[in-house]
Amino acid sequence: MQEHQHNIKLPDGSIERQTTTLNLGPTHPATHGVFQNILEMDGERVVSAESTVGYIHRAFEKLAERRPLYQITPLTDRLNYCSSPINNMGWHMTCEKLLGVVTPKRVDYMRVIIMELARIADHVICNSVIGVDAGALSVFLYVMQYRERIYEIYEEICGSRLTTNIGRIGGFERNFTPAAWSKLESFLDEFPKVMKEFENLLKRNRIFVERCVGAGPISAERALNYGFTGPNLRAAGVDYDVRVHTPYSSYEDFDFKIPVGTTGDVYDRWLVRNEEIWESLSIVRQAYEKIQQFKGEEAEVFHANVPEYYLPKKQDVYTKMEALIWHFKIIMGETAIPAGEVYHSVEGGNGELGFYMISDGGRSPYRLHFRRPCFIYYQAYPELVKDSMLADAVLVLSSLNLIAGEMDA
Amino acid sequence: MQNLTHRSKDVDRRPLSLWEKMYIPSVAKGMSITFGHMFKKVPTIRYPEETRPFSPVFRGLHVLNRDEEGRERCTACGLCAVACPAEAITMEAAERKAGEENLYREEKYAARYEINMLRCIFCGLCEEACPKDAIYLSETFAPSNYARKGFIYGKEDLLIPDPKTQASDLAAAKGQE
């Protein structure tokens, strides 16, 4: 940082700095979370930035080392809390990979619905917050109402809204209720209109476009070198999507496109997320139609048949000895877990969310690591904001969709 | 860069047309949308005077259940405490003495049962773990208190009203006054 400071030697021998040091964060209203950036400012221009991590370090991996697999799901809620169902599902799928559980198609499609709804919620927030940071508050308020509708769908299924803890190893804790389905239907009916209005307000809006074009660009090569994934890499022009390259949860059954940008600036990131919302909506619709085609007994399946890992029915636990024994074994984490090493990644709300688990056959993981996309994006932040204006620095921060919960590894 | 898949689709990034660049029409368009919103239904709720309906499976504050005769269902097996990822539940078991059959359903019961609501993350795993139909997450939420100690809920805070002696309280707690 030192070489950027252009100092002037005064006649009396003292030195005066020409740049100002500005602390952006850790509790700054414009940073949407606990990020600290020490900016060296030459007037309004950012000469250099130094990012700090460590403000919400919660040692998830260490906490996970003494908990049975099912208790780690609530920890993953708190990674990217804008799309916690994706984290939950990713974790369940990692466990299933280790345990060798194969989920039925209907469960996969239900998971796809939940994950894509979470992606919509995540992107809607990110894109409308870019609007807010560019000075357009009302768009944020209009789409926020519809994120609420997504949260109500979660609530019908799992009972909670933000930190969902949704799903279990092998499937879901309960089948989707008729109320959940009808909420999903009304969301699918009404949301496209709202999205259209949202696009109308920002997409071709001269003020917004001129504000975003050219702010914080990154080339495809630099983005790959940093390890970017998700919408931020796609905005730079690389069509990499985990859902297409290593399909999980039956994503190969769905037909969707990967929107890619060209320059990797704020406007491209906005456009890529915007297109992804439309793609996600179409995936949800396809999954919904596929689920409607299940008939008879198949239409009631909501978990894999794995009595070693999936809790027996409550009614059986109250009345049958066998079920009660399994219930105790599963809750105590005493069912057999194979030793081994697994890596599983899902396309999270803002990039490739990976889970690397080593199991030694004990009741909890021997070692665990979450690949948090935000942590990786944040490393590129000083390069992205160098030589830009202070106001752009804030815009770049929100366009990378940095979530403080994913920041500390 | 060359494409990795044949599924990629370029985003629409054509430059603004002359019409889009003109200031007044764009402002009028934006204004028409925002003014239109003034006449739409207000989406907010006047909490706490009004509340929104919760789903039947909502995960709020815990309650300890009684059976239809008013006896506590909990047998202090400790499964909820084991299942709790936040380590918020503490319990002490005791043996039922003669003459207490009307208080406790089984021979063993929880003499002390505490949930630290500040530690609790409302994940619902205790409810799922309970083999005795004893702990449930209710629809109440947002507790408030002046001291941290007040957030450690004991049995007297958690137990539902006795359906035999306090039937009207129970009905009120269930929201059917």
# chains A, B, ... in the order shown; residues from 1 in each chain; ligands from 1
call {"tool": "select_by_dssp", "arguments": {"residues": "stretch 56-133 of chain A", "states": "helix (DSSP H, G or I)", "output": "number ranges by chain"}}
result
A: 60-64, 69-77, 84-99, 105-133
call {"tool": "select_by_dssp", "arguments": {"residues": "stretch 131-373 of chain A", "states": "strand (DSSP E)", "output": "short mmCIF file (atom, residue, chain, number, x, y, z; two decimals) with N, CA, C and O atoms, in the first residue's frame"}}
result
data_model
loop_
_atom_site.label_atom_id
_atom_site.label_comp_id
_atom_site.auth_asym_id
_atom_site.auth_seq_id
_atom_site.Cartn_x
_atom_site.Cartn_y
_atom_site.Cartn_z
N ILE A 258 -27.64 -20.90 -19.96
CA ILE A 258 -26.71 -20.22 -19.05
C ILE A 258 -26.48 -18.83 -19.60
O ILE A 258 -25.79 -18.68 -20.61
N PRO A 259 -27.01 -17.82 -18.97
CA PRO A 259 -26.74 -16.45 -19.45
C PRO A 259 -25.29 -16.06 -19.18
O PRO A 259 -24.78 -16.30 -18.07
N VAL A 260 -24.63 -15.52 -20.19
CA VAL A 260 -23.26 -15.05 -19.98
C VAL A 260 -23.12 -13.61 -20.44
O VAL A 260 -23.77 -13.17 -21.39
N GLY A 340 -14.46 -42.28 4.61
CA GLY A 340 -14.22 -41.89 3.22
C GLY A 340 -14.11 -40.40 3.07
O GLY A 340 -14.20 -39.63 4.04
N GLU A 341 -13.90 -40.00 1.82
CA GLU A 341 -13.69 -38.60 1.51
C GLU A 341 -14.68 -38.24 0.43
O GLU A 341 -14.76 -38.93 -0.58
N VAL A 342 -15.45 -37.19 0.62
CA VAL A 342 -16.36 -36.77 -0.45
C VAL A 342 -16.25 -35.27 -0.69
O VAL A 342 -15.99 -34.49 0.23
N TYR A 343 -16.42 -34.91 -1.95
CA TYR A 343 -16.60 -33.50 -2.28
C TYR A 343 -17.86 -33.40 -3.09
O TYR A 343 -18.06 -34.17 -4.03
N HIS A 344 -18.70 -32.48 -2.70
CA HIS A 344 -19.91 -32.27 -3.48
C HIS A 344 -20.11 -30.77 -3.59
O HIS A 344 -19.88 -30.04 -2.63
N SER A 345 -20.49 -30.33 -4.78
CA SER A 345 -20.72 -28.89 -4.89
C SER A 345 -22.05 -28.64 -5.55
O SER A 345 -22.51 -29.43 -6.38
N VAL A 346 -22.67 -27.57 -5.16
CA VAL A 346 -23.93 -27.15 -5.77
C VAL A 346 -23.77 -25.72 -6.26
O VAL A 346 -22.88 -25.00 -5.81
N GLU A 347 -24.63 -25.36 -7.19
CA GLU A 347 -24.62 -23.99 -7.68
C GLU A 347 -25.40 -23.17 -6.66
O GLU A 347 -26.62 -23.15 -6.68
N GLY A 348 -24.70 -22.52 -5.79
CA GLY A 348 -25.36 -21.73 -4.75
C GLY A 348 -25.88 -20.42 -5.32
O GLY A 348 -25.74 -20.15 -6.51
N GLY A 351 -22.56 -18.68 -6.45
CA GLY A 351 -21.40 -19.39 -6.95
C GLY A 351 -21.34 -20.81 -6.49
O GLY A 351 -22.29 -21.31 -5.88
N GLU A 352 -20.22 -21.45 -6.78
CA GLU A 352 -20.10 -22.86 -6.46
C GLU A 352 -19.89 -23.03 -4.96
O GLU A 352 -18.88 -22.62 -4.42
N LEU A 353 -20.88 -23.62 -4.32
CA LEU A 353 -20.79 -23.87 -2.89
C LEU A 353 -20.38 -25.32 -2.72
O LEU A 353 -21.12 -26.22 -3.07
N GLY A 354 -19.18 -25.52 -2.21
CA GLY A 354 -18.66 -26.89 -2.13
C GLY A 354 -18.59 -27.37 -0.69
O GLY A 354 -18.43 -26.59 0.25
N PHE A 355 -18.71 -28.68 -0.52
CA PHE A 355 -18.59 -29.30 0.79
C PHE A 355 -17.55 -30.39 0.66
O PHE A 355 -17.72 -31.31 -0.14
N TYR A 356 -16.48 -30.30 1.42
CA TYR A 356 -15.45 -31.33 1.38
C TYR A 356 -15.42 -31.97 2.75
O TYR A 356 -15.13 -31.31 3.74
N MET A 357 -15.74 -33.25 2.79
CA MET A 357 -15.87 -33.91 4.09
C MET A 357 -14.98 -35.13 4.12
O MET A 357 -14.95 -35.91 3.18
N ILE A 358 -14.24 -35.29 5.20
CA ILE A 358 -13.50 -36.53 5.44
C ILE A 358 -14.14 -37.19 6.64
O ILE A 358 -14.33 -36.56 7.68
N SER A 359 -14.49 -38.44 6.46
CA SER A 359 -15.10 -39.18 7.56
C SER A 359 -14.19 -40.34 7.93
O SER A 359 -13.66 -41.02 7.05
N ARG A 367 -13.07 -34.23 9.35
CA ARG A 367 -12.71 -32.88 8.92
C ARG A 367 -13.73 -32.43 7.90
O ARG A 367 -14.28 -33.23 7.17
N LEU A 368 -13.98 -31.14 7.89
CA LEU A 368 -14.99 -30.62 6.98
C LEU A 368 -14.53 -29.27 6.48
O LEU A 368 -13.90 -28.51 7.22
N HIS A 369 -14.79 -29.00 5.22
CA HIS A 369 -14.51 -27.65 4.72
C HIS A 369 -15.62 -27.22 3.78
O HIS A 369 -16.04 -27.98 2.92
N PHE A 370 -16.09 -26.00 3.99
CA PHE A 370 -17.06 -25.43 3.06
C PHE A 370 -16.31 -24.54 2.10
O PHE A 370 -15.50 -23.72 2.53
N ARG A 371 -16.58 -24.71 0.79
CA ARG A 371 -16.02 -23.77 -0.17
C ARG A 371 -17.01 -22.63 -0.31
O ARG A 371 -18.08 -22.80 -0.89
#
call {"tool": "residues_around", "arguments": {"residues": "stretch 72-75 of chain A", "least_positions_apart": "2", "cutoff": "9 Å", "atoms": "only C-alpha atoms", "output": "number ranges by chain"}}
result
A: 60, 63-64, 67-70, 77-79, 87-89, 91-92, 163-168; B: 85, 121, 123
call {"tool": "write_last_selection", "arguments": {"atoms": "C-alpha atoms", "output": "compact mmCIF listing (two decimals), in the first residue's frame"}}
result
# COMPACT_ATOMS: atom_id res chain seq x y z
CA PHE A 60 -18.40 -23.72 11.47
CA LEU A 63 -18.23 -26.82 15.43
CA ALA A 64 -19.20 -29.48 12.90
CA ARG A 67 -21.84 -32.96 15.79
CA PRO A 68 -23.65 -35.77 14.01
CA LEU A 69 -24.36 -35.15 10.33
CA TYR A 70 -27.97 -34.04 10.70
CA ASP A 77 -28.19 -22.15 7.07
CA ARG A 78 -25.93 -19.42 8.25
CA LEU A 79 -23.45 -19.46 5.38
CA ASN A 87 -26.90 -24.71 1.45
CA ASN A 88 -29.12 -27.19 3.30
CA MET A 89 -29.75 -29.26 0.17
CA TRP A 91 -25.20 -30.53 2.67
CA HIS A 92 -27.82 -33.29 2.50
CA THR A 163 -32.67 -20.01 8.63
CA THR A 164 -34.67 -22.80 7.17
CA ASN A 165 -33.06 -26.13 8.17
CA ILE A 166 -35.17 -27.57 5.37
CA GLY A 167 -35.02 -31.18 4.26
CA ARG A 168 -33.33 -34.16 5.83
CA PRO B 85 -27.20 -28.34 17.82
CA ILE B 121 -31.77 -21.37 17.06
CA CYS B 123 -34.25 -25.41 14.18
call {"tool": "interface_residues", "arguments": {"of": "chain B", "to": "chain A", "cutoff": "7 Å", "atoms": "only C-alpha atoms", "output": "list in words"}}
result
Met1, Asn3, Leu4, Thr5, Arg7, Ser8, Lys9, Asp10, Val11, Leu16, Glu20, Lys21, Gly30, Ser55, Val57, Phe58, Arg59, Val82, Ala83, Pro85, Cys123, Ala129, Pro131 and Lys132 of chain B
call {"tool": "closest_residue", "arguments": {"among": "B:Tyr47, B:Tyr104, B:Phe151, B:Phe141", "to": "B:Glu68", "atoms": "only C-alpha atoms"}}
result
B:Tyr104
call {"tool": "atom_distance", "arguments": {"atom1": "atom CA of A:Tyr251", "atom2": "atom CA of A:Tyr146"}}
result
25.0 Å
call {"tool": "atom_distance", "arguments": {"atom1": "atom CA of B:Glu69", "atom2": "atom CA of B:Asp162"}}
result
8.0 Å
call {"tool": "residues_around", "arguments": {"residues": "stretch 118-134 of chain A", "least_positions_apart": "3", "cutoff": "6 Å", "atoms": "only C-alpha atoms", "output": "list in words"}}
result
Cys82, Ser83, Met115, Leu137, Phe140, Arg147, Trp270, Arg273, Ile277, Gly349, Leu395, Ser398, Ser399 and Asn401 of chain A
call {"tool": "residues_around", "arguments": {"residues": "B:Leu103", "least_positions_apart": "3", "cutoff": "8 Å", "atoms": "only C-alpha atoms", "output": "PyMOL selection string"}}
result
chain B and resi 70-72+100
call {"tool": "atom_distance", "arguments": {"atom1": "atom CA of A:Lys183", "atom2": "atom CA of A:Met144"}}
result
16.4 Å
call {"tool": "decode", "arguments": {"residues": "stretch 147-161 of chain A", "atoms": "all heavy atoms", "output": "mmCIF file, in the first residue's frame"}}
result
data_model
loop_
_atom_site.group_PDB
_atom_site.id
_atom_site.type_symbol
_atom_site.label_atom_id
_atom_site.label_comp_id
_atom_site.auth_asym_id
_atom_site.auth_seq_id
_atom_site.Cartn_x
_atom_site.Cartn_y
_atom_site.Cartn_z
ATOM 1 N N ARG A 147 -40.268 -11.661 -2.424
ATOM 2 C CA ARG A 147 -39.365 -12.544 -1.712
ATOM 3 C C ARG A 147 -40.110 -13.122 -0.501
ATOM 4 O O ARG A 147 -39.955 -14.274 -0.140
ATOM 5 C CB ARG A 147 -38.121 -11.795 -1.237
ATOM 6 C CG ARG A 147 -37.131 -12.737 -0.610
ATOM 7 C CD ARG A 147 -35.973 -12.033 -0.017
ATOM 8 N NE ARG A 147 -36.333 -11.390 1.231
ATOM 9 C CZ ARG A 147 -35.479 -11.118 2.196
ATOM 10 N NH1 ARG A 147 -34.215 -11.409 2.045
ATOM 11 N NH2 ARG A 147 -35.863 -10.508 3.284
ATOM 12 N N GLU A 148 -40.947 -12.276 0.084
ATOM 13 C CA GLU A 148 -41.764 -12.712 1.222
ATOM 14 C C GLU A 148 -42.633 -13.913 0.837
ATOM 15 O O GLU A 148 -42.811 -14.841 1.617
ATOM 16 C CB GLU A 148 -42.639 -11.528 1.628
ATOM 17 C CG GLU A 148 -43.165 -11.576 3.010
ATOM 18 C CD GLU A 148 -42.050 -11.464 4.024
ATOM 19 O OE1 GLU A 148 -40.903 -11.110 3.659
ATOM 20 O OE2 GLU A 148 -42.320 -11.757 5.170
ATOM 21 N N ARG A 149 -43.137 -13.897 -0.387
ATOM 22 C CA ARG A 149 -43.978 -15.015 -0.841
ATOM 23 C C ARG A 149 -43.160 -16.303 -0.906
ATOM 24 O O ARG A 149 -43.661 -17.377 -0.605
ATOM 25 C CB ARG A 149 -44.562 -14.697 -2.223
ATOM 26 C CG ARG A 149 -45.364 -13.414 -2.244
ATOM 27 C CD ARG A 149 -46.713 -13.618 -1.640
ATOM 28 N NE ARG A 149 -47.546 -14.400 -2.522
ATOM 29 C CZ ARG A 149 -48.265 -13.898 -3.511
ATOM 30 N NH1 ARG A 149 -48.264 -12.606 -3.728
ATOM 31 N NH2 ARG A 149 -48.988 -14.671 -4.272
ATOM 32 N N ILE A 150 -41.887 -16.172 -1.325
ATOM 33 C CA ILE A 150 -41.026 -17.352 -1.359
ATOM 34 C C ILE A 150 -40.814 -17.861 0.067
ATOM 35 O O ILE A 150 -40.879 -19.051 0.336
ATOM 36 C CB ILE A 150 -39.676 -17.013 -2.024
ATOM 37 C CG1 ILE A 150 -39.895 -16.616 -3.483
ATOM 38 C CG2 ILE A 150 -38.723 -18.184 -1.947
ATOM 39 C CD1 ILE A 150 -38.632 -16.201 -4.193
ATOM 40 N N TYR A 151 -40.586 -16.923 0.991
ATOM 41 C CA TYR A 151 -40.364 -17.315 2.379
ATOM 42 C C TYR A 151 -41.594 -18.010 2.958
ATOM 43 O O TYR A 151 -41.475 -18.910 3.775
ATOM 44 C CB TYR A 151 -40.029 -16.073 3.227
ATOM 45 C CG TYR A 151 -38.585 -15.645 3.120
ATOM 46 C CD1 TYR A 151 -37.748 -16.211 2.175
ATOM 47 C CD2 TYR A 151 -38.063 -14.684 3.964
ATOM 48 C CE1 TYR A 151 -36.429 -15.828 2.078
ATOM 49 C CE2 TYR A 151 -36.744 -14.292 3.874
ATOM 50 C CZ TYR A 151 -35.931 -14.864 2.933
ATOM 51 O OH TYR A 151 -34.622 -14.487 2.841
ATOM 52 N N GLU A 152 -42.781 -17.581 2.516
ATOM 53 C CA GLU A 152 -43.989 -18.244 3.007
ATOM 54 C C GLU A 152 -44.072 -19.679 2.508
ATOM 55 O O GLU A 152 -44.584 -20.552 3.202
ATOM 56 C CB GLU A 152 -45.231 -17.456 2.580
ATOM 57 C CG GLU A 152 -45.494 -16.291 3.495
ATOM 58 C CD GLU A 152 -46.679 -15.465 3.057
ATOM 59 O OE1 GLU A 152 -47.559 -15.987 2.363
ATOM 60 O OE2 GLU A 152 -46.707 -14.272 3.407
ATOM 61 N N ILE A 153 -43.556 -19.911 1.300
ATOM 62 C CA ILE A 153 -43.533 -21.290 0.798
ATOM 63 C C ILE A 153 -42.594 -22.128 1.669
ATOM 64 O O ILE A 153 -42.932 -23.240 2.066
ATOM 65 C CB ILE A 153 -43.101 -21.329 -0.679
ATOM 66 C CG1 ILE A 153 -44.107 -20.575 -1.538
ATOM 67 C CG2 ILE A 153 -42.980 -22.764 -1.164
ATOM 68 C CD1 ILE A 153 -43.667 -20.370 -2.968
ATOM 69 N N TYR A 154 -41.425 -21.583 1.999
ATOM 70 C CA TYR A 154 -40.517 -22.313 2.904
ATOM 71 C C TYR A 154 -41.239 -22.612 4.210
ATOM 72 O O TYR A 154 -41.105 -23.687 4.779
ATOM 73 C CB TYR A 154 -39.285 -21.502 3.301
ATOM 74 C CG TYR A 154 -38.350 -21.037 2.250
ATOM 75 C CD1 TYR A 154 -37.431 -20.041 2.545
ATOM 76 C CD2 TYR A 154 -38.330 -21.579 0.983
ATOM 77 C CE1 TYR A 154 -36.531 -19.580 1.616
ATOM 78 C CE2 TYR A 154 -37.439 -21.116 0.033
ATOM 79 C CZ TYR A 154 -36.543 -20.116 0.357
ATOM 80 O OH TYR A 154 -35.653 -19.650 -0.551
ATOM 81 N N GLU A 155 -41.949 -21.594 4.697
ATOM 82 C CA GLU A 155 -42.576 -21.728 6.012
ATOM 83 C C GLU A 155 -43.591 -22.856 6.020
ATOM 84 O O GLU A 155 -43.718 -23.576 7.010
ATOM 85 C CB GLU A 155 -43.240 -20.401 6.392
ATOM 86 C CG GLU A 155 -43.673 -20.337 7.830
ATOM 87 C CD GLU A 155 -44.545 -19.135 8.112
ATOM 88 O OE1 GLU A 155 -44.159 -18.017 7.741
ATOM 89 O OE2 GLU A 155 -45.611 -19.320 8.700
ATOM 90 N N GLU A 156 -44.310 -23.020 4.904
ATOM 91 C CA GLU A 156 -45.283 -24.107 4.832
ATOM 92 C C GLU A 156 -44.595 -25.463 4.878
ATOM 93 O O GLU A 156 -45.162 -26.439 5.339
ATOM 94 C CB GLU A 156 -46.103 -24.011 3.540
ATOM 95 C CG GLU A 156 -47.160 -22.930 3.538
ATOM 96 C CD GLU A 156 -48.233 -23.155 4.588
ATOM 97 O OE1 GLU A 156 -48.479 -24.301 4.979
ATOM 98 O OE2 GLU A 156 -48.814 -22.147 5.035
ATOM 99 N N ILE A 157 -43.378 -25.541 4.357
ATOM 100 C CA ILE A 157 -42.710 -26.838 4.260
ATOM 101 C C ILE A 157 -41.913 -27.145 5.519
ATOM 102 O O ILE A 157 -41.984 -28.236 6.060
ATOM 103 C CB ILE A 157 -41.810 -26.872 3.016
ATOM 104 C CG1 ILE A 157 -42.672 -26.700 1.773
ATOM 105 C CG2 ILE A 157 -41.037 -28.173 2.943
ATOM 106 C CD1 ILE A 157 -41.915 -26.239 0.587
ATOM 107 N N CYS A 158 -41.123 -26.153 5.991
ATOM 108 C CA CYS A 158 -40.219 -26.481 7.095
ATOM 109 C C CYS A 158 -40.561 -25.736 8.376
ATOM 110 O O CYS A 158 -40.104 -26.112 9.445
ATOM 111 C CB CYS A 158 -38.783 -26.178 6.699
ATOM 112 S SG CYS A 158 -38.447 -24.444 6.565
ATOM 113 N N GLY A 159 -41.343 -24.686 8.308
ATOM 114 C CA GLY A 159 -41.737 -23.987 9.519
ATOM 115 C C GLY A 159 -40.917 -22.755 9.825
ATOM 116 O O GLY A 159 -41.111 -22.118 10.849
ATOM 117 N N SER A 160 -39.953 -22.442 8.979
ATOM 118 C CA SER A 160 -39.155 -21.264 9.257
ATOM 119 C C SER A 160 -38.909 -20.504 7.957
ATOM 120 O O SER A 160 -39.141 -21.026 6.883
ATOM 121 C CB SER A 160 -37.842 -21.673 9.904
ATOM 122 O OG SER A 160 -37.192 -20.527 10.366
ATOM 123 N N ARG A 161 -38.403 -19.286 8.085
ATOM 124 C CA ARG A 161 -38.345 -18.428 6.921
ATOM 125 C C ARG A 161 -36.932 -18.125 6.446
ATOM 126 O O ARG A 161 -36.628 -18.225 5.261
ATOM 127 C CB ARG A 161 -39.076 -17.129 7.218
ATOM 128 C CG ARG A 161 -40.537 -17.334 7.518
ATOM 129 C CD ARG A 161 -41.079 -16.272 8.418
ATOM 130 N NE ARG A 161 -40.741 -14.968 7.924
ATOM 131 C CZ ARG A 161 -41.350 -14.382 6.908
ATOM 132 N NH1 ARG A 161 -42.335 -14.990 6.304
ATOM 133 N NH2 ARG A 161 -40.981 -13.196 6.502
#
